[in-house]
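What follows is model-v2.pdb (PDB, C-alpha atoms (C1' of nucleotides)).
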```
ATOM      1  CA  MET P 583      86.799  97.876 111.153
ATOM      2  CA  ASN P 584      86.565 101.436 112.318
ATOM      3  CA  ASN P 585      86.569 104.466 110.138
ATOM      4  CA  ARG P 586      89.689 106.198 111.354
ATOM      5  CA  PHE P 587      91.787 105.931 108.209
ATOM      6  CA  PRO P 588      89.212 107.489 105.863
ATOM      7  CA  VAL P 589      88.351 110.138 108.441
ATOM      8  CA  SER P 590      91.992 111.102 108.872
ATOM      9  CA  LEU P 591      92.584 111.176 105.157
ATOM     10  CA  HIS P 592      89.469 113.263 104.659
ATOM     11  CA  ILE P 593      90.652 115.750 107.259
ATOM     12  CA  LEU P 594      94.092 115.968 105.711
ATOM     13  CA  THR P 595      92.656 116.437 102.238
ATOM     14  CA  LEU P 596      90.433 119.272 103.412
ATOM     15  CA  LEU P 597      93.307 120.943 105.211
ATOM     16  CA  ASP P 598      95.450 120.665 102.120
ATOM     17  CA  ASP P 599      92.696 122.163 100.041
ATOM     18  CA  ALA P 600      92.424 125.064 102.504
ATOM     19  CA  LYS P 601      95.993 126.054 101.714
ATOM     20  CA  GLY P 602      96.920 127.139 105.217
ATOM     21  CA  GLU P 603      93.604 128.682 106.157
ATOM     22  CA  LEU P 604      92.417 127.419 109.538
ATOM     23  CA  LEU P 605      89.464 125.032 109.485
ATOM     24  CA  SER P 606      87.321 124.415 112.543
ATOM     25  CA  SER P 607      86.342 120.964 113.754
ATOM     26  CA  ASP P 608      82.743 121.902 113.061
ATOM     27  CA  TYR P 609      83.493 122.662 109.464
ATOM     28  CA  LEU P 610      85.524 119.480 109.022
ATOM     29  CA  ALA P 611      82.819 117.417 110.713
ATOM     30  CA  GLY P 612      80.264 118.944 108.377
ATOM     31  CA  SER P 613      82.105 117.795 105.297
ATOM     32  CA  ILE P 614      82.830 114.329 106.625
ATOM     33  CA  ASN P 615      79.414 114.052 108.204
ATOM     34  CA  ILE P 616      80.492 112.848 111.614
ATOM     35  CA  ASN P 617      80.549 114.312 115.100
ATOM     36  CA  PRO P 618      82.908 117.268 115.717
ATOM     37  CA  VAL P 619      84.286 115.668 118.869
ATOM     38  CA  LEU P 620      85.448 112.690 116.849
ATOM     39  CA  VAL P 621      87.181 115.094 114.489
ATOM     40  CA  ARG P 622      88.963 116.794 117.347
ATOM     41  CA  LYS P 623      90.094 113.427 118.690
ATOM     42  CA  GLU P 624      91.380 112.412 115.303
ATOM     43  CA  ILE P 625      93.163 115.724 114.979
ATOM     44  CA  MET P 626      94.839 115.212 118.327
ATOM     45  CA  ASN P 627      96.227 112.009 116.917
ATOM     46  CA  LEU P 628      97.320 113.578 113.649
ATOM     47  CA  ARG P 629      99.003 116.282 115.668
ATOM     48  CA  LYS P 630     100.843 113.679 117.702
ATOM     49  CA  PHE P 631     102.358 112.501 114.442
ATOM     50  CA  GLY P 632     103.245 115.988 113.309
ATOM     51  CA  PHE P 633     100.894 116.075 110.345
ATOM     52  CA  VAL P 634      98.738 118.945 111.545
ATOM     53  CA  ASP P 635      98.680 121.663 114.140
ATOM     54  CA  SER P 636      95.869 123.640 115.697
ATOM     55  CA  LYS P 637      95.226 126.998 117.163
ATOM     56  CA  GLU P 638      92.878 127.364 120.100
ATOM     57  CA  GLY P 639      90.417 130.129 120.782
ATOM     58  CA  LYS P 640      88.197 132.255 118.645
ATOM     59  CA  GLY P 641      89.090 132.077 114.980
ATOM     60  CA  GLY P 642      91.126 128.975 115.731
ATOM     61  CA  GLY P 643      91.200 125.696 113.892
ATOM     62  CA  SER P 644      93.619 123.293 112.287
ATOM     63  CA  PHE P 645      96.102 123.410 109.465
ATOM     64  CA  LEU P 646      98.689 121.173 107.838
ATOM     65  CA  ALA P 647     101.958 121.211 109.739
ATOM     66  CA  LYS P 648     104.003 119.819 106.878
ATOM     67  CA  ASN P 649     103.945 119.912 103.147
ATOM     68  CA  ALA P 650     101.393 117.578 101.580
ATOM     69  CA  ALA P 651     104.158 116.169  99.402
ATOM     70  CA  ASP P 652     105.961 115.069 102.562
ATOM     71  CA  ILE P 653     103.085 113.039 103.987
ATOM     72  CA  ASN P 654     102.659 109.634 102.456
ATOM     73  CA  LEU P 655      99.570 107.538 102.933
ATOM     74  CA  GLY P 656     101.500 104.708 104.522
ATOM     75  CA  GLU P 657     102.442 107.059 107.343
ATOM     76  CA  VAL P 658      98.822 108.058 107.705
ATOM     77  CA  TYR P 659      97.857 104.417 107.932
ATOM     78  CA  ASN P 660     100.478 103.813 110.593
ATOM     79  CA  ALA P 661      99.198 106.788 112.544
ATOM     80  CA  VAL P 662      95.701 105.359 112.866
ATOM     81  CA  LYS P 663      96.318 101.639 112.951
ATOM     82  CA  SER P 664      95.593  99.729 116.115
ATOM     83  CA  ASP P 665      95.035  96.003 115.695
ATOM     84  CA  TYR P 666      96.417  93.734 113.069
ATOM     85  CA  ILE P 667      94.335  94.243 110.008
ATOM     86  CA  LEU P 668      93.620  90.585 109.350
ATOM     87  CA  GLY P 669      92.225  89.686 112.733
ATOM     88  CA  GLN P 670      92.117  91.029 116.199
ATOM     89  CA  ASN P 671      94.097  88.133 117.564
ATOM     90  CA  LYS P 672      92.551  88.398 120.986
ATOM     91  CA  ASN P 673      91.567  84.790 120.903
ATOM     92  CA  GLU P 674      93.368  82.353 123.105
ATOM     93  CA  PRO P 675      93.389  79.048 121.286
ATOM     94  CA  ASN P 676      93.551  75.859 123.263
ATOM     95  CA  PRO P 677      97.120  75.409 124.530
ATOM     96  CA  LYS P 678      96.592  71.668 124.700
ATOM     97  CA  CYS P 679      96.110  71.484 120.947
ATOM     98  CA  PRO P 680      99.391  71.200 119.048
ATOM     99  CA  ILE P 681      98.035  73.476 116.331
ATOM    100  CA  GLY P 682      96.208  75.919 118.609
ATOM    101  CA  LYS P 683      99.280  76.188 120.804
ATOM    102  CA  GLN P 684     101.411  77.598 117.997
ATOM    103  CA  ILE P 685      99.010  79.281 115.646
ATOM    104  CA  ASN P 686      99.082  82.778 117.083
ATOM    105  CA  GLN P 687     102.780  83.229 116.512
ATOM    106  CA  HIS P 688     102.416  82.089 112.909
ATOM    107  CA  LEU P 689      99.406  84.305 112.351
ATOM    108  CA  ILE P 690     101.248  87.314 113.672
ATOM    109  CA  SER P 691     104.162  86.832 111.353
ATOM    110  CA  LEU P 692     101.754  86.315 108.468
ATOM    111  CA  TYR P 693      99.899  89.489 109.405
ATOM    112  CA  SER P 694     102.889  91.739 109.683
ATOM    113  CA  ASP P 695     104.237  90.516 106.401
ATOM    114  CA  ALA P 696     100.957  91.110 104.609
ATOM    115  CA  GLU P 697     100.452  94.418 106.319
ATOM    116  CA  ASN P 698     103.881  95.551 105.215
ATOM    117  CA  ALA P 699     102.850  94.913 101.646
ATOM    118  CA  LEU P 700      99.778  97.040 102.205
ATOM    119  CA  ILE P 701     101.736  99.868 103.777
ATOM    120  CA  GLN P 702     104.336  99.782 101.065
ATOM    121  CA  ASN P 703     101.592 100.163  98.505
ATOM    122  CA  LEU P 704     100.052 103.090 100.371
ATOM    123  CA  SER P 705     103.439 104.716 100.743
ATOM    124  CA  LYS P 706     103.762 105.088  97.017
ATOM    125  CA  GLN P 707     101.288 107.920  97.231
ATOM    126  CA  THR P 708     101.581 111.213  99.109
ATOM    127  CA  LEU P 709      98.785 113.396 100.369
ATOM    128  CA  ALA P 710      99.638 115.775  97.528
ATOM    129  CA  ASP P 711      99.116 112.992  95.001
ATOM    130  CA  PHE P 712      95.830 112.079  96.572
ATOM    131  CA  ALA P 713      94.611 115.661  96.745
ATOM    132  CA  LEU P 714      95.476 116.154  93.098
ATOM    133  CA  LYS P 715      92.628 113.838  92.181
ATOM    134  CA  PHE P 716      90.078 116.371  93.375
ATOM    135  CA  LYS P 717      89.884 118.652  90.376
TER     136      LYS P 717
ATOM    137  CA  MET H 334      87.599  93.945 112.616
ATOM    138  CA  ASN H 335      86.118  90.503 112.933
ATOM    139  CA  ASN H 336      87.987  87.300 113.424
ATOM    140  CA  ARG H 337      86.901  85.400 110.361
ATOM    141  CA  PHE H 338      90.233  85.166 108.582
ATOM    142  CA  PRO H 339      92.157  83.653 111.499
ATOM    143  CA  VAL H 340      89.260  81.362 112.321
ATOM    144  CA  SER H 341      89.075  80.089 108.759
ATOM    145  CA  LEU H 342      92.797  79.603 108.557
ATOM    146  CA  HIS H 343      92.797  77.805 111.884
ATOM    147  CA  ILE H 344      90.073  75.469 110.670
ATOM    148  CA  LEU H 345      91.895  74.762 107.435
ATOM    149  CA  THR H 346      95.154  74.118 109.253
ATOM    150  CA  LEU H 347      93.503  71.647 111.596
ATOM    151  CA  LEU H 348      91.810  69.869 108.709
ATOM    152  CA  ASP H 349      95.094  69.629 106.874
ATOM    153  CA  ASP H 350      96.749  68.247 109.956
ATOM    154  CA  ALA H 351      94.006  65.637 110.254
ATOM    155  CA  LYS H 352      94.993  64.219 106.866
ATOM    156  CA  GLY H 353      91.494  63.393 105.697
ATOM    157  CA  GLU H 354      90.122  62.270 109.027
ATOM    158  CA  LEU H 355      86.781  63.938 109.743
ATOM    159  CA  LEU H 356      86.812  66.600 112.461
ATOM    160  CA  SER H 357      83.631  67.708 114.221
ATOM    161  CA  SER H 358      82.723  71.327 114.761
ATOM    162  CA  ASP H 359      82.971  70.708 118.488
ATOM    163  CA  TYR H 360      86.532  69.531 118.163
ATOM    164  CA  LEU H 361      87.492  72.435 115.921
ATOM    165  CA  ALA H 362      85.771  74.908 118.233
ATOM    166  CA  GLY H 363      87.694  73.416 121.138
ATOM    167  CA  SER H 364      91.040  74.078 119.511
ATOM    168  CA  ILE H 365      90.142  77.571 118.352
ATOM    169  CA  ASN H 366      88.299  78.325 121.557
ATOM    170  CA  ILE H 367      85.143  79.726 120.041
ATOM    171  CA  ASN H 368      81.551  78.625 119.748
ATOM    172  CA  PRO H 369      80.827  75.515 117.632
ATOM    173  CA  VAL H 370      78.000  77.258 115.809
ATOM    174  CA  LEU H 371      80.428  79.890 114.576
ATOM    175  CA  VAL H 372      82.661  77.125 113.317
ATOM    176  CA  ARG H 373      79.800  75.548 111.432
ATOM    177  CA  LYS H 374      78.935  78.891 109.878
ATOM    178  CA  GLU H 375      82.500  79.431 108.835
ATOM    179  CA  ILE H 376      82.664  75.956 107.409
ATOM    180  CA  MET H 377      79.540  76.634 105.368
ATOM    181  CA  ASN H 378      81.396  79.529 103.840
ATOM    182  CA  LEU H 379      84.571  77.541 103.228
ATOM    183  CA  ARG H 380      82.447  74.897 101.615
ATOM    184  CA  LYS H 381      80.861  77.475  99.345
ATOM    185  CA  PHE H 382      84.363  78.204  98.064
ATOM    186  CA  GLY H 383      85.203  74.544  97.608
ATOM    187  CA  PHE H 384      87.927  74.398 100.238
ATOM    188  CA  VAL H 385      86.247  71.907 102.525
ATOM    189  CA  ASP H 386      83.396  69.471 102.573
ATOM    190  CA  SER H 387      81.389  67.918 105.375
ATOM    191  CA  LYS H 388      79.556  64.799 106.153
ATOM    192  CA  GLU H 389      76.380  64.914 108.217
ATOM    193  CA  GLY H 390      75.183  62.477 110.818
ATOM    194  CA  LYS H 391      76.913  60.390 113.432
ATOM    195  CA  GLY H 392      80.635  60.177 112.925
ATOM    196  CA  GLY H 393      80.379  63.109 110.547
ATOM    197  CA  GLY H 394      82.527  66.180 110.352
ATOM    198  CA  SER H 395      84.602  68.162 107.913
ATOM    199  CA  PHE H 396      87.621  67.530 105.734
ATOM    200  CA  LEU H 397      89.678  69.342 103.121
ATOM    201  CA  ALA H 398      88.099  69.172  99.702
ATOM    202  CA  LYS H 399      91.254  70.070  97.847
ATOM    203  CA  ASN H 400      94.949  69.639  98.274
ATOM    204  CA  ALA H 401      96.496  72.069 100.757
ATOM    205  CA  ALA H 402      99.045  72.988  98.104
ATOM    206  CA  ASP H 403      96.191  74.184  95.910
ATOM    207  CA  ILE H 404      94.714  76.609  98.437
ATOM    208  CA  ASN H 405      96.554  79.873  98.711
ATOM    209  CA  LEU H 406      95.995  82.302 101.530
ATOM    210  CA  GLY H 407      94.890  85.086  99.218
ATOM    211  CA  GLU H 408      91.943  82.917  98.194
ATOM    212  CA  VAL H 409      91.148  82.316 101.849
ATOM    213  CA  TYR H 410      91.210  86.037 102.458
ATOM    214  CA  ASN H 411      88.877  86.626  99.535
ATOM    215  CA  ALA H 412      86.529  83.980 100.868
ATOM    216  CA  VAL H 413      86.025  85.764 104.175
ATOM    217  CA  LYS H 414      86.373  89.397 103.222
ATOM    218  CA  SER H 415      83.343  91.643 103.455
ATOM    219  CA  ASP H 416      84.100  95.352 103.774
ATOM    220  CA  TYR H 417      87.042  97.228 102.429
ATOM    221  CA  ILE H 418      89.849  96.639 104.844
ATOM    222  CA  LEU H 419      90.802 100.280 105.278
ATOM    223  CA  GLY H 420      87.404 101.609 106.276
ATOM    224  CA  GLN H 421      83.812 100.591 106.144
ATOM    225  CA  ASN H 422      82.959 103.385 103.788
ATOM    226  CA  LYS H 423      79.403 103.603 105.001
ATOM    227  CA  ASN H 424      79.754 107.275 105.630
ATOM    228  CA  GLU H 425      77.964 109.712 103.404
ATOM    229  CA  PRO H 426      80.081 112.820 103.252
ATOM    230  CA  ASN H 427      78.432 116.143 102.605
ATOM    231  CA  PRO H 428      77.554 116.313  98.893
ATOM    232  CA  LYS H 429      77.720 120.103  99.042
ATOM    233  CA  CYS H 430      81.406 120.002  99.881
ATOM    234  CA  PRO H 431      83.631 119.773  96.804
ATOM    235  CA  ILE H 432      85.962 117.409  98.631
ATOM    236  CA  GLY H 433      83.298 115.387 100.425
ATOM    237  CA  LYS H 434      81.376 114.987  97.210
ATOM    238  CA  GLN H 435      84.208 113.127  95.487
ATOM    239  CA  ILE H 436      86.160 111.487  98.265
ATOM    240  CA  ASN H 437      84.388 108.144  98.385
ATOM    241  CA  GLN H 438      85.258 107.269  94.819
ATOM    242  CA  HIS H 439      88.900 108.128  95.423
ATOM    243  CA  LEU H 440      88.953 106.183  98.673
ATOM    244  CA  ILE H 441      87.503 103.147  96.992
ATOM    245  CA  SER H 442      90.128 103.111  94.273
ATOM    246  CA  LEU H 443      92.820 103.612  96.905
ATOM    247  CA  TYR H 444      91.409 100.745  98.945
ATOM    248  CA  SER H 445      91.192  98.241  96.144
ATOM    249  CA  ASP H 446      94.693  99.021  95.024
ATOM    250  CA  ALA H 447      96.104  98.602  98.520
ATOM    251  CA  GLU H 448      94.037  95.526  99.150
ATOM    252  CA  ASN H 449      95.331  93.962  95.970
ATOM    253  CA  ALA H 450      98.843  94.380  97.288
ATOM    254  CA  LEU H 451      97.799  92.627 100.469
ATOM    255  CA  ILE H 452      96.136  89.781  98.623
ATOM    256  CA  GLN H 453      99.062  89.355  96.314
ATOM    257  CA  ASN H 454     101.314  89.019  99.329
ATOM    258  CA  LEU H 455      99.024  86.442 100.932
ATOM    259  CA  SER H 456      98.801  84.537  97.679
ATOM    260  CA  LYS H 457     102.489  83.779  97.758
ATOM    261  CA  GLN H 458     101.774  81.225 100.432
ATOM    262  CA  THR H 459      99.594  78.120 100.260
ATOM    263  CA  LEU H 460      97.884  76.349 103.093
ATOM    264  CA  ALA H 461     100.519  73.641 102.743
ATOM    265  CA  ASP H 462     103.275  76.223 103.268
ATOM    266  CA  PHE H 463     101.514  77.598 106.286
ATOM    267  CA  ALA H 464     100.860  74.182 107.792
ATOM    268  CA  LEU H 465     104.496  73.274 107.347
ATOM    269  CA  LYS H 466     105.385  75.749 110.064
ATOM    270  CA  PHE H 467     103.718  73.616 112.703
ATOM    271  CA  LYS H 468     106.406  71.098 113.386
TER     272      LYS H 468
ATOM    273  C1'  DT X  61      65.939  53.378 117.316
ATOM    274  C1'  DG X  62      69.143  55.845 120.207
ATOM    275  C1'  DT X  63      73.136  58.549 119.508
ATOM    276  C1'  DA X  64      76.160  61.868 117.503
ATOM    277  C1'  DC X  65      76.666  64.651 114.210
ATOM    278  C1'  DT X  66      75.458  68.919 110.679
ATOM    279  C1'  DG X  67      72.584  72.851 109.123
ATOM    280  C1'  DT X  68      70.199  76.683 110.315
ATOM    281  C1'  DA X  69      67.350  80.119 112.609
ATOM    282  C1'  DA X  70      66.328  83.066 116.329
ATOM    283  C1'  DC X  71      67.704  85.401 120.053
ATOM    284  C1'  DA X  72      70.855  87.269 123.779
ATOM    285  C1'  DA X  73      75.169  89.043 125.374
ATOM    286  C1'  DA X  74      79.291  91.406 124.866
ATOM    287  C1'  DA X  75      82.409  94.363 122.676
ATOM    288  C1'  DA X  76      83.590  98.016 119.682
ATOM    289  C1'  DT X  77      82.457 102.245 117.642
ATOM    290  C1'  DA X  78      80.343 106.611 117.280
ATOM    291  C1'  DA X  79      77.442 110.353 119.039
ATOM    292  C1'  DT X  80      76.198 113.437 122.550
ATOM    293  C1'  DT X  81      76.582 116.449 126.397
ATOM    294  C1'  DA X  82      79.204 119.212 129.157
ATOM    295  C1'  DC X  83      82.462 122.334 130.487
ATOM    296  C1'  DA X  84      87.179 124.406 131.376
ATOM    297  C1'  DG X  85      90.483 127.157 129.113
ATOM    298  C1'  DA X  86      92.444 129.942 125.137
ATOM    299  C1'  DA X  87      92.317 133.669 121.807
ATOM    300  C1'  DT X  88      89.902 137.381 119.688
ATOM    301  C1'  DG X  89      87.883 141.718 119.276
ATOM    302  C1'  DA X  90      84.164 145.020 120.412
TER     303       DA X  90
ATOM    304  C1'  DT F 611      86.643 143.579 130.430
ATOM    305  C1'  DC F 612      83.716 140.441 128.723
ATOM    306  C1'  DA F 613      80.871 138.077 125.304
ATOM    307  C1'  DT F 614      82.008 135.059 121.630
ATOM    308  C1'  DT F 615      84.008 131.300 119.246
ATOM    309  C1'  DC F 616      87.019 128.164 119.178
ATOM    310  C1'  DT F 617      89.961 123.725 121.121
ATOM    311  C1'  DG F 618      90.828 119.979 124.522
ATOM    312  C1'  DT F 619      88.999 116.494 127.058
ATOM    313  C1'  DA F 620      86.108 113.620 130.052
ATOM    314  C1'  DA F 621      81.989 111.208 130.902
ATOM    315  C1'  DT F 622      78.006 109.143 129.381
ATOM    316  C1'  DT F 623      74.801 107.201 126.213
ATOM    317  C1'  DA F 624      73.399 105.168 121.870
ATOM    318  C1'  DT F 625      74.223 102.344 118.006
ATOM    319  C1'  DT F 626      76.254  98.821 115.469
ATOM    320  C1'  DT F 627      78.960  94.840 114.982
ATOM    321  C1'  DT F 628      80.466  90.658 116.526
ATOM    322  C1'  DT F 629      80.146  86.637 119.178
ATOM    323  C1'  DG F 630      77.791  83.323 121.995
ATOM    324  C1'  DT F 631      73.716  80.583 123.194
ATOM    325  C1'  DT F 632      69.713  77.867 122.699
ATOM    326  C1'  DA F 633      66.913  75.126 120.059
ATOM    327  C1'  DC F 634      65.607  71.857 116.928
ATOM    328  C1'  DA F 635      64.938  69.449 112.361
ATOM    329  C1'  DG F 636      67.346  66.322 109.445
ATOM    330  C1'  DT F 637      71.050  62.860 108.440
ATOM    331  C1'  DA F 638      73.891  58.843 109.112
ATOM    332  C1'  DC F 639      75.523  55.237 111.731
ATOM    333  C1'  DA F 640      75.578  51.042 114.671
TER     334       DA F 640
END
```

Please rewrite the model in this file as structure tokens.
Amino acid sequence: MNNRFPVSLHILTLLDDAKGELLSSDYLAGSININPVLVRKEIMNLRKFGFVDSKEGKGGGSFLAKNAADINLGEVYNAVKSDYILGQNKNEPNPKCPIGKQINQHLISLYSDAENALIQNLSKQTLADFALKFK
Amino acid sequence: MNNRFPVSLHILTLLDDAKGELLSSDYLAGSININPVLVRKEIMNLRKFGFVDSKEGKGGGSFLAKNAADINLGEVYNAVKSDYILGQNKNEPNPKCPIGKQINQHLISLYSDAENALIQNLSKQTLADFALKFK
DNA sequence: TGTACTGTAACAAAAATAATTACAGAATGA
DNA sequence: TCATTCTGTAATTATTTTTGTTACAGTACA
């Protein structure tokens, strides 16, 4: 499991806390304690989903592009998710085995169902709700 | 993300299908298409949780230790889970940052809540239900 | 007593993840 | 105008995680 979800949520929380003030990738990286280039990559992704925006050049940085109350954590999860969470499913079971032959399709439907439950749970909370805990 | 959940479920499904007949780690590995030693390791774990049992020596192998209807997939998930599913949480954010200082505790409570939703969803289905799909 | 298994450790290989280096280009302001 | 401080992005390296491999002792069977 990679660390993209917590990193993205950390970034978003910091940006929310900054109340519109621009934060540099160096500053963000310093709080999260990871490499600034990783932060910039993650921000590119968050920007793709319309959560944040950035300003280049001196004095530049990033800021929230929508209200924290309009970003729910399920959306954030969807923005960073890559594989199925329960298994990478890059295995190719033996097609000669009656079980192996079919298992991937059953696993996938199991995964998406379970993952939906996870996302639905995350979606109950917005970034604003989450940020409110930091007091 | 590792492949332990699908591997375990694949093993259990094959054992259920075998209806008590002993299956060797070589046979199981052949269907899953992974290394037999990995299978044996996974079986050790499944045994620890009482799902399967094995017999050593010639003609040995593994078999289900409880009824497939009494194994639900949430239990299987719990048996193989290690990290939090939403992030490894091995990062140490900057303790001087008011956000960084607190975020891990909030992430952890978020994770366990979301993971509970996932497990609850998985628990709706038993191994018997899952195996029934292979017809 | 040979054969076919499991259990388990130690090590190697491969894959995934993260860090680092580097630099072009944008915006600022002295 | 030009040094400075940022972002955007690619390329490379390092680290960590995961998987595969080899090896062998011990067990059970025939």

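Compared by their closest atoms to Leu443 in chain H, and using all atoms listed in the file, the residues P:Leu655, P:Leu610, P:Val619, P:Val662 rank with P:Leu655 nearest.
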
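Here CA of Glu603 in chain P and CA of Asn649 in chain P stand 13.9 Å from one another.
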
Decode the PyMOL selection byres ((chain P) within 9 of (chain X)) for the given file into explicit residues and return them as an MDAnalysis selection string. chainID P and resid 583:585 616:617 619:620 637:642

Determine, counting all atoms listed in the file, every residue of protein, DNA or RNA that lies within 10 Å of (84.0, 109.6, 97.8) in the file coordinates, then give the result as a ChimeraX atom specification. /P:588,592 /H:422,424-428,432-442

For the file shown, report as a PyMOL selection string the outcome of the PyMOL selection byres ((chain H and resi 444-460) around 9) at residue level. (chain P and resi 692+695-704) or (chain H and resi 342+345-346+349+400-411+417-420+439-443+461-465)

If you keep C-alpha atoms, can you produce a file of those selected residues as a PDB file, in the coordinates of the input?
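New file result-v7.pdb:
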```pdb
ATOM      1  CA  LEU P 692     101.754  86.315 108.468  1.00  0.00           C
ATOM      2  CA  ASP P 695     104.237  90.516 106.401  1.00  0.00           C
ATOM      3  CA  ALA P 696     100.957  91.110 104.609  1.00  0.00           C
ATOM      4  CA  GLU P 697     100.452  94.418 106.319  1.00  0.00           C
ATOM      5  CA  ASN P 698     103.881  95.551 105.215  1.00  0.00           C
ATOM      6  CA  ALA P 699     102.850  94.913 101.646  1.00  0.00           C
ATOM      7  CA  LEU P 700      99.778  97.040 102.205  1.00  0.00           C
ATOM      8  CA  ILE P 701     101.736  99.868 103.777  1.00  0.00           C
ATOM      9  CA  GLN P 702     104.336  99.782 101.065  1.00  0.00           C
ATOM     10  CA  ASN P 703     101.592 100.163  98.505  1.00  0.00           C
ATOM     11  CA  LEU P 704     100.052 103.090 100.371  1.00  0.00           C
TER      12      LEU P 704
ATOM     13  CA  LEU H 342      92.797  79.603 108.557  1.00  0.00           C
ATOM     14  CA  LEU H 345      91.895  74.762 107.435  1.00  0.00           C
ATOM     15  CA  THR H 346      95.154  74.118 109.253  1.00  0.00           C
ATOM     16  CA  ASP H 349      95.094  69.629 106.874  1.00  0.00           C
ATOM     17  CA  ASN H 400      94.949  69.639  98.274  1.00  0.00           C
ATOM     18  CA  ALA H 401      96.496  72.069 100.757  1.00  0.00           C
ATOM     19  CA  ALA H 402      99.045  72.988  98.104  1.00  0.00           C
ATOM     20  CA  ASP H 403      96.191  74.184  95.910  1.00  0.00           C
ATOM     21  CA  ILE H 404      94.714  76.609  98.437  1.00  0.00           C
ATOM     22  CA  ASN H 405      96.554  79.873  98.711  1.00  0.00           C
ATOM     23  CA  LEU H 406      95.995  82.302 101.530  1.00  0.00           C
ATOM     24  CA  GLY H 407      94.890  85.086  99.218  1.00  0.00           C
ATOM     25  CA  GLU H 408      91.943  82.917  98.194  1.00  0.00           C
ATOM     26  CA  VAL H 409      91.148  82.316 101.849  1.00  0.00           C
ATOM     27  CA  TYR H 410      91.210  86.037 102.458  1.00  0.00           C
ATOM     28  CA  ASN H 411      88.877  86.626  99.535  1.00  0.00           C
ATOM     29  CA  TYR H 417      87.042  97.228 102.429  1.00  0.00           C
ATOM     30  CA  ILE H 418      89.849  96.639 104.844  1.00  0.00           C
ATOM     31  CA  LEU H 419      90.802 100.280 105.278  1.00  0.00           C
ATOM     32  CA  GLY H 420      87.404 101.609 106.276  1.00  0.00           C
ATOM     33  CA  HIS H 439      88.900 108.128  95.423  1.00  0.00           C
ATOM     34  CA  LEU H 440      88.953 106.183  98.673  1.00  0.00           C
ATOM     35  CA  ILE H 441      87.503 103.147  96.992  1.00  0.00           C
ATOM     36  CA  SER H 442      90.128 103.111  94.273  1.00  0.00           C
ATOM     37  CA  LEU H 443      92.820 103.612  96.905  1.00  0.00           C
ATOM     38  CA  ALA H 461     100.519  73.641 102.743  1.00  0.00           C
ATOM     39  CA  ASP H 462     103.275  76.223 103.268  1.00  0.00           C
ATOM     40  CA  PHE H 463     101.514  77.598 106.286  1.00  0.00           C
ATOM     41  CA  ALA H 464     100.860  74.182 107.792  1.00  0.00           C
ATOM     42  CA  LEU H 465     104.496  73.274 107.347  1.00  0.00           C
TER      43      LEU H 465
END
```

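Across H:Val385, H:Gln421, H:Ile376, H:Phe396, the tightest approach to chain F is made by H:Gln421 when counting only C-alpha atoms (C1' of nucleotides).
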
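Taking CA of Ile614 in chain P as the reference point, CA of Arg586 in chain P is found at 11.6 Å.
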
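Here CA of Cys679 in chain P and CA of Asn366 in chain H stand 10.4 Å from one another.
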